[in-house]
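Below you'll find the structure, written out as structure tokens, and then a few comments.
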Amino acid sequence: MRVDFAPMEGVTGAVYRRLHHACFSGVDRYYIPFLAPSADFHFTGKVLTRLDAAHLAEVPAVPQLLTRNAADFNRAAQKLAELGFCEVNLNLGCPSGTVVSKGKGAGFLADPEALDAFLEEIFRAPPLPISVKTRLGVERAEEFPRLLEIYNRYPLRELIVHPRTRSEFYRGGVHMDLFDYAARHSRNRLCYNGDLVTAEDCRRMEAAYPELSGLMIGRGLAADPALGEKLLGGSMERDRLRRFHDGLCQSMAEAYGSWSAVLPRMKEQWFYLLHSFDDTEKAAKKLRKATKWPVFYDVTREIFETLPLRQDARGFSQDGGKL
């Protein structure tokens, strides 16, 4: 079954995607953290760097758009097609308050009629196949059947379902009864996203839903970069994880121009990577307190040299956060 790396703002940027794909197997595609096109949106150098289209042959990637304006979506999709992308994804899952307050991301799910009109417009003559990443609704999981009825009217490349509502963010269990409903009633190919942390989790989903087109994994892969490879029978080795980490530090320094710029970005990475190790409480405190790059890097070196490497990231918190 196909494995996709979910888009994670601040984590899975172009530098990360390239290095992860070079160091680990088992991930088939990387979703690019969303762009938010508007009437005055332009594909500037910064945006093009974020998309990293020049490396599509090496690192298969799918860009994601977040908007509720069909004309803006269509203009951006046309440009993405010209850049060589083969698919574009519509973000209807982002639960961020600043996004939802504008009626975008998961906030768009509160207005099914407007969503239906939007989809009708973007599917009239799309320059690229369109997939959709969705939640079950805004407040109640019971909103989902109405949304699925709308999705079924359009030829989606794929429907990616995270079976939580916007109000649940990443808290609590997923609503597998509603995902079962999607598996029975979706007319489009279906991909599952949510709480896949170990190879056992992924294999259980594959066994329960052999008809799925793929699994999308975000936090689980960020916590255990070898997770996709483990599904192919591989494993994580301490030295390889350290090479990946050090390569990421160096590549970020080259991309962003200074170690001070690398520090907050690597703190974000280590919020997840700590779950690849045991006995991390003291190390986590040291990482949080570090304000200088040499101090921070010394702590990471201590982690690699002294802490036990876990077999999986079980126990990982889905609530999100930062060091």
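Each chain in the structure tokens gets a letter, A, B, ..., in the order shown, and its residues are numbered from 1; ligands are numbered from 1 in order too.
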
Each residue of segment 167-275 of chain A with at least one atom at most 9 Å from segment 93-97 of chain A should appear once, together with its nearest atom pair and the corresponding distance in Å (one decimal); atoms considered: only C-alpha atoms; ordering: chain, then increasing residue number; output as a Markdown table.
| residue | atom | partner | partner_atom | distance |
| --- | --- | --- | --- | --- |
| A:Ser167 | CA | A:Pro95 | CA | 7.4 |
| A:Glu168 | CA | A:Pro95 | CA | 8.6 |
| A:Phe169 | CA | A:Pro95 | CA | 6.0 |

Using only C-alpha atoms, please write the residues we just selected to a file, as a compact mmCIF listing (two decimals), in the first residue's frame.
# COMPACT_ATOMS: atom_id res chain seq x y z
CA SER A 167 -12.93 20.99 17.24
CA GLU A 168 -11.09 17.81 18.29
CA PHE A 169 -7.83 18.92 16.68

**Asked** Which residues, written as a list in words, have at least one atom at most 12 Å from His42 of chain A, with only C-alpha atoms counted and residues fewer than 4 positions away on the same chain left out?
**Response**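 Listed by chain and then number, they are Leu35, Ala36, Pro37, Ser38, Lys46, Val47, Leu48, Asp72, Arg75, Ala76, Lys79 and Leu80 of chain A.
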
**Asked** Among segment 53-296 of chain A, which residues carry a DSSP assignment of strand (DSSP E), reported as a PyMOL selection string?
**Response** chain A and resi 61-65+88-92+130-134+159-161+190-193+214-217

Expected file contents, prior selection, N, CA and C atoms, as a CSV table (one decimal), in the first residue's frame:
chain,number,residue,atom,x,y,z
A,61,ALA,N,6.4,14.8,-5.1
A,61,ALA,CA,5.7,15.6,-4.1
A,61,ALA,C,4.4,16.1,-4.7
A,62,VAL,N,3.4,16.4,-3.8
A,62,VAL,CA,2.1,16.9,-4.2
A,62,VAL,C,1.9,18.2,-3.4
A,63,PRO,N,1.7,19.3,-4.1
A,63,PRO,CA,1.4,20.6,-3.4
A,63,PRO,C,0.0,20.7,-2.9
A,64,GLN,N,-0.1,21.4,-1.9
A,64,GLN,CA,-1.5,21.6,-1.2
A,64,GLN,C,-1.9,23.0,-1.2
A,65,LEU,N,-3.1,23.3,-1.6
A,65,LEU,CA,-3.7,24.6,-1.6
A,65,LEU,C,-4.7,24.8,-0.5
A,88,VAL,N,-2.8,18.2,-7.5
A,88,VAL,CA,-2.9,19.3,-6.5
A,88,VAL,C,-3.9,18.8,-5.4
A,89,ASN,N,-3.6,19.2,-4.2
A,89,ASN,CA,-4.4,18.7,-3.1
A,89,ASN,C,-5.1,19.9,-2.5
A,90,LEU,N,-6.4,19.8,-2.2
A,90,LEU,CA,-7.2,20.8,-1.5
A,90,LEU,C,-7.3,20.5,0.0
A,91,ASN,N,-6.8,21.5,0.8
A,91,ASN,CA,-6.8,21.3,2.2
A,91,ASN,C,-8.1,21.7,2.8
A,92,LEU,N,-8.9,20.7,3.3
A,92,LEU,CA,-10.1,21.0,4.0
A,92,LEU,C,-10.0,20.4,5.4
A,130,ILE,N,-7.2,16.5,-8.9
A,130,ILE,CA,-7.4,17.2,-7.6
A,130,ILE,C,-7.8,16.1,-6.6
A,131,SER,N,-7.0,16.1,-5.5
A,131,SER,CA,-7.4,15.3,-4.4
A,131,SER,C,-7.8,16.2,-3.2
A,132,VAL,N,-8.5,15.6,-2.3
A,132,VAL,CA,-9.0,16.4,-1.1
A,132,VAL,C,-8.6,15.8,0.2
A,133,LYS,N,-8.1,16.6,1.1
A,133,LYS,CA,-7.9,16.1,2.4
A,133,LYS,C,-8.9,16.7,3.4
A,134,THR,N,-9.6,15.9,4.1
A,134,THR,CA,-10.8,16.4,4.8
A,134,THR,C,-10.8,15.9,6.3
A,159,LEU,N,-9.7,10.8,-2.0
A,159,LEU,CA,-10.2,11.5,-0.8
A,159,LEU,C,-9.4,11.0,0.4
A,160,ILE,N,-8.7,11.9,1.1
A,160,ILE,CA,-7.9,11.6,2.3
A,160,ILE,C,-8.7,12.0,3.5
A,161,VAL,N,-9.0,11.1,4.4
A,161,VAL,CA,-9.9,11.3,5.5
A,161,VAL,C,-9.1,11.2,6.8
A,190,LEU,N,-9.8,6.1,-1.6
A,190,LEU,CA,-9.8,6.5,-0.2
A,190,LEU,C,-8.4,6.3,0.4
A,191,CYS,N,-7.9,7.3,1.1
A,191,CYS,CA,-6.7,7.3,1.8
A,191,CYS,C,-7.0,7.6,3.3
A,192,TYR,N,-6.3,6.9,4.2
A,192,TYR,CA,-6.5,7.1,5.6
A,192,TYR,C,-5.4,7.9,6.2
A,193,ASN,N,-5.8,8.8,7.1
A,193,ASN,CA,-4.8,9.7,7.8
A,193,ASN,C,-5.2,9.8,9.3
A,214,GLY,N,-4.1,4.3,-0.1
A,214,GLY,CA,-2.8,4.6,0.6
A,214,GLY,C,-3.1,5.0,2.1
A,215,LEU,N,-1.9,5.2,2.8
A,215,LEU,CA,-1.9,5.7,4.1
A,215,LEU,C,-1.2,7.0,4.1
A,216,MET,N,-1.7,8.0,4.8
A,216,MET,CA,-0.9,9.3,5.0
A,216,MET,C,-0.5,9.4,6.4
A,217,ILE,N,0.8,9.6,6.6
A,217,ILE,CA,1.4,9.6,8.0
A,217,ILE,C,2.1,10.9,8.1

**Request:** Name all residues at most 7 Å from Ala141 of chain A (count only C-alpha atoms; drop same-chain ones fewer than 3 positions away) and give them as a ChimeraX atom specification.
**Result:** /A:136-137,144,164-165

Residues of the last selection are to be written out with N, CA and C atoms, as a JSON list (two decimals), in the first residue's frame.
[["chain", "number", "residue", "atom", "x", "y", "z"],
["A", 136, "LEU", "N", -13.93, 15.25, 9.44],
["A", 136, "LEU", "CA", -15.32, 14.76, 9.43],
["A", 136, "LEU", "C", -16.34, 15.89, 9.47],
["A", 137, "GLY", "N", -15.91, 17.03, 9.92],
["A", 137, "GLY", "CA", -16.80, 18.16, 10.07],
["A", 137, "GLY", "C", -16.15, 19.18, 10.99],
["A", 144, "PHE", "N", -20.33, 14.33, 8.73],
["A", 144, "PHE", "CA", -19.57, 13.75, 7.62],
["A", 144, "PHE", "C", -20.41, 13.15, 6.50],
["A", 164, "ARG", "N", -11.39, 12.86, 12.51],
["A", 164, "ARG", "CA", -11.69, 13.71, 13.65],
["A", 164, "ARG", "C", -12.39, 14.96, 13.13],
["A", 165, "THR", "N", -13.05, 15.68, 14.02],
["A", 165, "THR", "CA", -13.62, 16.96, 13.66],
["A", 165, "THR", "C", -12.59, 18.06, 13.87]]

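Using only C-alpha atoms, the nearest neighbour of Glu268 of chain A within the list A:Ala14, A:Gly107, A:Arg68, A:Ala222 is A:Ala222.
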
**Message:** Give me the residues near Asp195 of chain A as a VMD selection string, where near means some atom within 9 Å (using only C-alpha atoms) and where sequence neighbours in that chain fewer than 5 positions away do not count.
**Reply:** chain A and resid 170 173 to 174 201 217 to 220 318

**Asked** What lies within 12 Å of Asp111 of chain A using only C-alpha atoms, ignoring chain neighbours under 5 positions off, as a ChimeraX atom specification?
**Response** /A:68,92,100,103-106,116-118,137-138,143,146-147,150

**Request:** Check the smallest atom-to-atom distance from each of A:Glu158, A:Glu58, A:Glu87, A:Glu149 to Pro127 of chain A using only C-alpha atoms, then report the winner.
**Result:**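 Using only C-alpha atoms, the shortest distance to Pro127 of chain A belongs to A:Glu87.
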
**Prompt:** atom CA of Arg240 of chain A to atom CA of Phe24 of chain A: how many Å, to one decimal?
**Reply:**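 These two atoms are separated by 9.1 Å.
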
**Request:** Could you tell me how far atom CA of Ala81 of chain A lies from atom CA of Leu212 of chain A, in Å and to one decimal?
**Result:**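 Going from atom CA of Ala81 of chain A over to atom CA of Leu212 of chain A, I get 26.3 Å.
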
**Message:** Quick one: residues within 10 Å of Asn188 of chain A, only C-alpha atoms, excluding same-chain residues fewer than 3 positions away - as a PyMOL selection string?
**Reply:** chain A and resi 131+148+151-160+182-183+185+191+213

Take the residues from that selection and write them out as a PDB file, in the first residue's frame, keeping N, CA and C atoms.
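Heads up, here's the output in result37.pdb:
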ATOM      1  N   SER A 131      -7.001  16.085  -5.515  1.00  0.00           N
ATOM      2  CA  SER A 131      -7.360  15.272  -4.354  1.00  0.00           C
ATOM      3  C   SER A 131      -7.818  16.199  -3.240  1.00  0.00           C
ATOM      4  N   LEU A 148     -19.595  13.761   2.613  1.00  0.00           N
ATOM      5  CA  LEU A 148     -19.228  12.683   1.684  1.00  0.00           C
ATOM      6  C   LEU A 148     -20.162  12.667   0.478  1.00  0.00           C
ATOM      7  N   TYR A 151     -18.640  15.180  -1.811  1.00  0.00           N
ATOM      8  CA  TYR A 151     -17.402  14.691  -2.435  1.00  0.00           C
ATOM      9  C   TYR A 151     -17.700  13.664  -3.523  1.00  0.00           C
ATOM     10  N   ASN A 152     -18.725  12.853  -3.305  1.00  0.00           N
ATOM     11  CA  ASN A 152     -19.053  11.796  -4.267  1.00  0.00           C
ATOM     12  C   ASN A 152     -19.537  12.344  -5.604  1.00  0.00           C
ATOM     13  N   ARG A 153     -19.883  13.618  -5.673  1.00  0.00           N
ATOM     14  CA  ARG A 153     -20.355  14.206  -6.930  1.00  0.00           C
ATOM     15  C   ARG A 153     -19.208  14.544  -7.876  1.00  0.00           C
ATOM     16  N   TYR A 154     -17.978  14.463  -7.398  1.00  0.00           N
ATOM     17  CA  TYR A 154     -16.835  14.948  -8.176  1.00  0.00           C
ATOM     18  C   TYR A 154     -15.776  13.855  -8.322  1.00  0.00           C
ATOM     19  N   PRO A 155     -15.061  13.869  -9.457  1.00  0.00           N
ATOM     20  CA  PRO A 155     -14.046  12.835  -9.727  1.00  0.00           C
ATOM     21  C   PRO A 155     -12.718  13.157  -9.034  1.00  0.00           C
ATOM     22  N   LEU A 156     -12.676  13.003  -7.727  1.00  0.00           N
ATOM     23  CA  LEU A 156     -11.450  13.281  -6.995  1.00  0.00           C
ATOM     24  C   LEU A 156     -10.373  12.272  -7.372  1.00  0.00           C
ATOM     25  N   ARG A 157      -9.140  12.730  -7.446  1.00  0.00           N
ATOM     26  CA  ARG A 157      -8.029  11.782  -7.585  1.00  0.00           C
ATOM     27  C   ARG A 157      -8.015  10.858  -6.367  1.00  0.00           C
ATOM     28  N   GLU A 158      -8.351  11.436  -5.211  1.00  0.00           N
ATOM     29  CA  GLU A 158      -8.351  10.653  -3.978  1.00  0.00           C
ATOM     30  C   GLU A 158      -9.009  11.488  -2.884  1.00  0.00           C
ATOM     31  N   LEU A 159      -9.677  10.820  -1.960  1.00  0.00           N
ATOM     32  CA  LEU A 159     -10.215  11.469  -0.770  1.00  0.00           C
ATOM     33  C   LEU A 159      -9.422  10.981   0.429  1.00  0.00           C
ATOM     34  N   ILE A 160      -8.742  11.918   1.089  1.00  0.00           N
ATOM     35  CA  ILE A 160      -7.926  11.599   2.255  1.00  0.00           C
ATOM     36  C   ILE A 160      -8.722  12.014   3.483  1.00  0.00           C
ATOM     37  N   ALA A 182     -17.118   5.895   5.337  1.00  0.00           N
ATOM     38  CA  ALA A 182     -16.437   6.366   4.133  1.00  0.00           C
ATOM     39  C   ALA A 182     -16.000   5.195   3.258  1.00  0.00           C
ATOM     40  N   ALA A 183     -15.470   4.153   3.882  1.00  0.00           N
ATOM     41  CA  ALA A 183     -15.006   2.990   3.119  1.00  0.00           C
ATOM     42  C   ALA A 183     -16.159   2.320   2.379  1.00  0.00           C
ATOM     43  N   HIS A 185     -19.068   3.908   1.429  1.00  0.00           N
ATOM     44  CA  HIS A 185     -19.881   4.775   0.585  1.00  0.00           C
ATOM     45  C   HIS A 185     -19.098   5.711  -0.339  1.00  0.00           C
ATOM     46  N   CYS A 191      -7.943   7.327   1.125  1.00  0.00           N
ATOM     47  CA  CYS A 191      -6.675   7.258   1.846  1.00  0.00           C
ATOM     48  C   CYS A 191      -6.950   7.587   3.308  1.00  0.00           C
ATOM     49  N   SER A 213      -6.319   3.152  -1.061  1.00  0.00           N
ATOM     50  CA  SER A 213      -5.271   3.478  -2.031  1.00  0.00           C
ATOM     51  C   SER A 213      -3.971   3.851  -1.337  1.00  0.00           C
TER      52      SER A 213
END

**Backbone-only DSSP, helix (DSSP H, G or I) members of segment 116-285 of chain A, as a VMD selection string** = chain A and resid 116 to 122 141 to 151 166 to 168 176 to 185 199 to 208 219 to 223 227 to 230 238 to 256 259 to 276 281 to 285

Restricted to C-alpha atoms, what would the selected residues look like written as an mmCIF file, in the first residue's frame?
data_model
loop_
_atom_site.group_PDB
_atom_site.id
_atom_site.type_symbol
_atom_site.label_atom_id
_atom_site.label_comp_id
_atom_site.auth_asym_id
_atom_site.auth_seq_id
_atom_site.Cartn_x
_atom_site.Cartn_y
_atom_site.Cartn_z
ATOM 1 C CA ASP A 116 -20.272 22.215 -3.227
ATOM 2 C CA ALA A 117 -20.290 25.335 -5.428
ATOM 3 C CA PHE A 118 -16.526 25.707 -4.995
ATOM 4 C CA LEU A 119 -15.890 22.094 -6.028
ATOM 5 C CA GLU A 120 -18.188 22.445 -9.027
ATOM 6 C CA GLU A 121 -16.140 25.422 -10.196
ATOM 7 C CA ILE A 122 -12.686 23.881 -9.767
ATOM 8 C CA ALA A 141 -18.631 13.737 13.452
ATOM 9 C CA GLU A 142 -22.207 13.291 12.264
ATOM 10 C CA GLU A 143 -21.624 16.103 9.768
ATOM 11 C CA PHE A 144 -19.569 13.750 7.621
ATOM 12 C CA PRO A 145 -22.246 11.835 5.623
ATOM 13 C CA ARG A 146 -23.473 15.147 4.173
ATOM 14 C CA LEU A 147 -19.904 16.089 3.233
ATOM 15 C CA LEU A 148 -19.228 12.683 1.684
ATOM 16 C CA GLU A 149 -22.366 13.057 -0.416
ATOM 17 C CA ILE A 150 -20.832 16.236 -1.830
ATOM 18 C CA TYR A 151 -17.402 14.691 -2.435
ATOM 19 C CA ARG A 166 -12.005 20.364 13.590
ATOM 20 C CA SER A 167 -12.932 20.986 17.245
ATOM 21 C CA GLU A 168 -11.093 17.811 18.290
ATOM 22 C CA MET A 176 -13.451 4.721 13.038
ATOM 23 C CA ASP A 177 -17.198 4.220 12.659
ATOM 24 C CA LEU A 178 -17.270 7.228 10.332
ATOM 25 C CA PHE A 179 -14.212 6.010 8.468
ATOM 26 C CA ASP A 180 -16.017 2.687 8.025
ATOM 27 C CA TYR A 181 -18.865 4.708 6.539
ATOM 28 C CA ALA A 182 -16.437 6.366 4.133
ATOM 29 C CA ALA A 183 -15.006 2.990 3.119
ATOM 30 C CA ARG A 184 -18.489 1.707 2.327
ATOM 31 C CA HIS A 185 -19.881 4.775 0.585
ATOM 32 C CA ALA A 199 4.461 -0.231 11.710
ATOM 33 C CA GLU A 200 1.918 -2.312 13.628
ATOM 34 C CA ASP A 201 -0.621 0.528 13.368
ATOM 35 C CA CYS A 202 -0.112 0.694 9.606
ATOM 36 C CA ARG A 203 -0.335 -3.053 9.072
ATOM 37 C CA ARG A 204 -3.522 -3.172 11.103
ATOM 38 C CA MET A 205 -5.088 -0.550 8.828
ATOM 39 C CA GLU A 206 -3.905 -2.392 5.719
ATOM 40 C CA ALA A 207 -5.497 -5.600 6.984
ATOM 41 C CA ALA A 208 -8.757 -3.914 7.966
ATOM 42 C CA ARG A 219 3.549 12.944 13.180
ATOM 43 C CA GLY A 220 4.383 9.245 13.220
ATOM 44 C CA LEU A 221 6.993 9.708 10.490
ATOM 45 C CA ALA A 222 8.352 12.874 12.046
ATOM 46 C CA ALA A 223 8.837 10.957 15.304
ATOM 47 C CA LEU A 227 8.589 4.168 9.831
ATOM 48 C CA GLY A 228 7.943 3.747 6.110
ATOM 49 C CA GLU A 229 11.059 1.621 5.777
ATOM 50 C CA LYS A 230 9.967 -0.572 8.688
ATOM 51 C CA ARG A 238 21.250 4.934 15.606
ATOM 52 C CA ASP A 239 24.101 5.941 13.261
ATOM 53 C CA ARG A 240 21.773 6.470 10.326
ATOM 54 C CA LEU A 241 19.377 8.579 12.373
ATOM 55 C CA ARG A 242 22.308 10.669 13.511
ATOM 56 C CA ARG A 243 23.565 11.115 9.934
ATOM 57 C CA PHE A 244 20.076 12.202 8.903
ATOM 58 C CA HIS A 245 19.923 14.646 11.797
ATOM 59 C CA ASP A 246 23.368 16.133 11.178
ATOM 60 C CA GLY A 247 22.707 16.367 7.457
ATOM 61 C CA LEU A 248 19.475 18.190 8.191
ATOM 62 C CA CYS A 249 21.296 20.673 10.444
ATOM 63 C CA GLN A 250 23.948 21.360 7.821
ATOM 64 C CA SER A 251 21.468 21.639 4.956
ATOM 65 C CA MET A 252 19.308 24.049 6.943
ATOM 66 C CA ALA A 253 22.330 26.184 7.785
ATOM 67 C CA GLU A 254 23.162 26.402 4.079
ATOM 68 C CA ALA A 255 19.558 27.161 3.151
ATOM 69 C CA TYR A 256 18.852 29.756 5.839
ATOM 70 C CA TRP A 259 22.933 28.636 12.798
ATOM 71 C CA SER A 260 20.693 31.011 14.749
ATOM 72 C CA ALA A 261 18.041 30.446 12.070
ATOM 73 C CA VAL A 262 18.517 26.677 12.361
ATOM 74 C CA LEU A 263 17.942 26.559 16.128
ATOM 75 C CA PRO A 264 14.128 27.122 16.236
ATOM 76 C CA ARG A 265 13.637 24.847 13.247
ATOM 77 C CA MET A 266 15.574 22.017 14.879
ATOM 78 C CA LYS A 267 13.682 22.518 18.129
ATOM 79 C CA GLU A 268 10.552 21.792 16.107
ATOM 80 C CA GLN A 269 12.181 18.635 14.710
ATOM 81 C CA TRP A 270 13.245 17.451 18.154
ATOM 82 C CA PHE A 271 9.741 17.754 19.564
ATOM 83 C CA TYR A 272 9.068 14.721 17.376
ATOM 84 C CA LEU A 273 12.490 13.005 17.258
ATOM 85 C CA LEU A 274 12.631 12.683 21.051
ATOM 86 C CA HIS A 275 10.003 9.973 20.692
ATOM 87 C CA SER A 276 12.611 7.763 19.018
ATOM 88 C CA GLU A 281 12.793 14.003 30.249
ATOM 89 C CA LYS A 282 16.089 15.655 31.224
ATOM 90 C CA ALA A 283 17.209 16.016 27.604
ATOM 91 C CA ALA A 284 13.907 17.649 26.652
ATOM 92 C CA LYS A 285 14.360 20.274 29.377
#

**Prompt:** Which is closest to Ala6 of chain A among A:Ala226, A:Leu196, A:Cys86, A:Val99, if we use only C-alpha atoms?
**Reply:** A:Leu196

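Atom CA of Pro112 of chain A is found 17.7 Å from atom CA of His162 of chain A.
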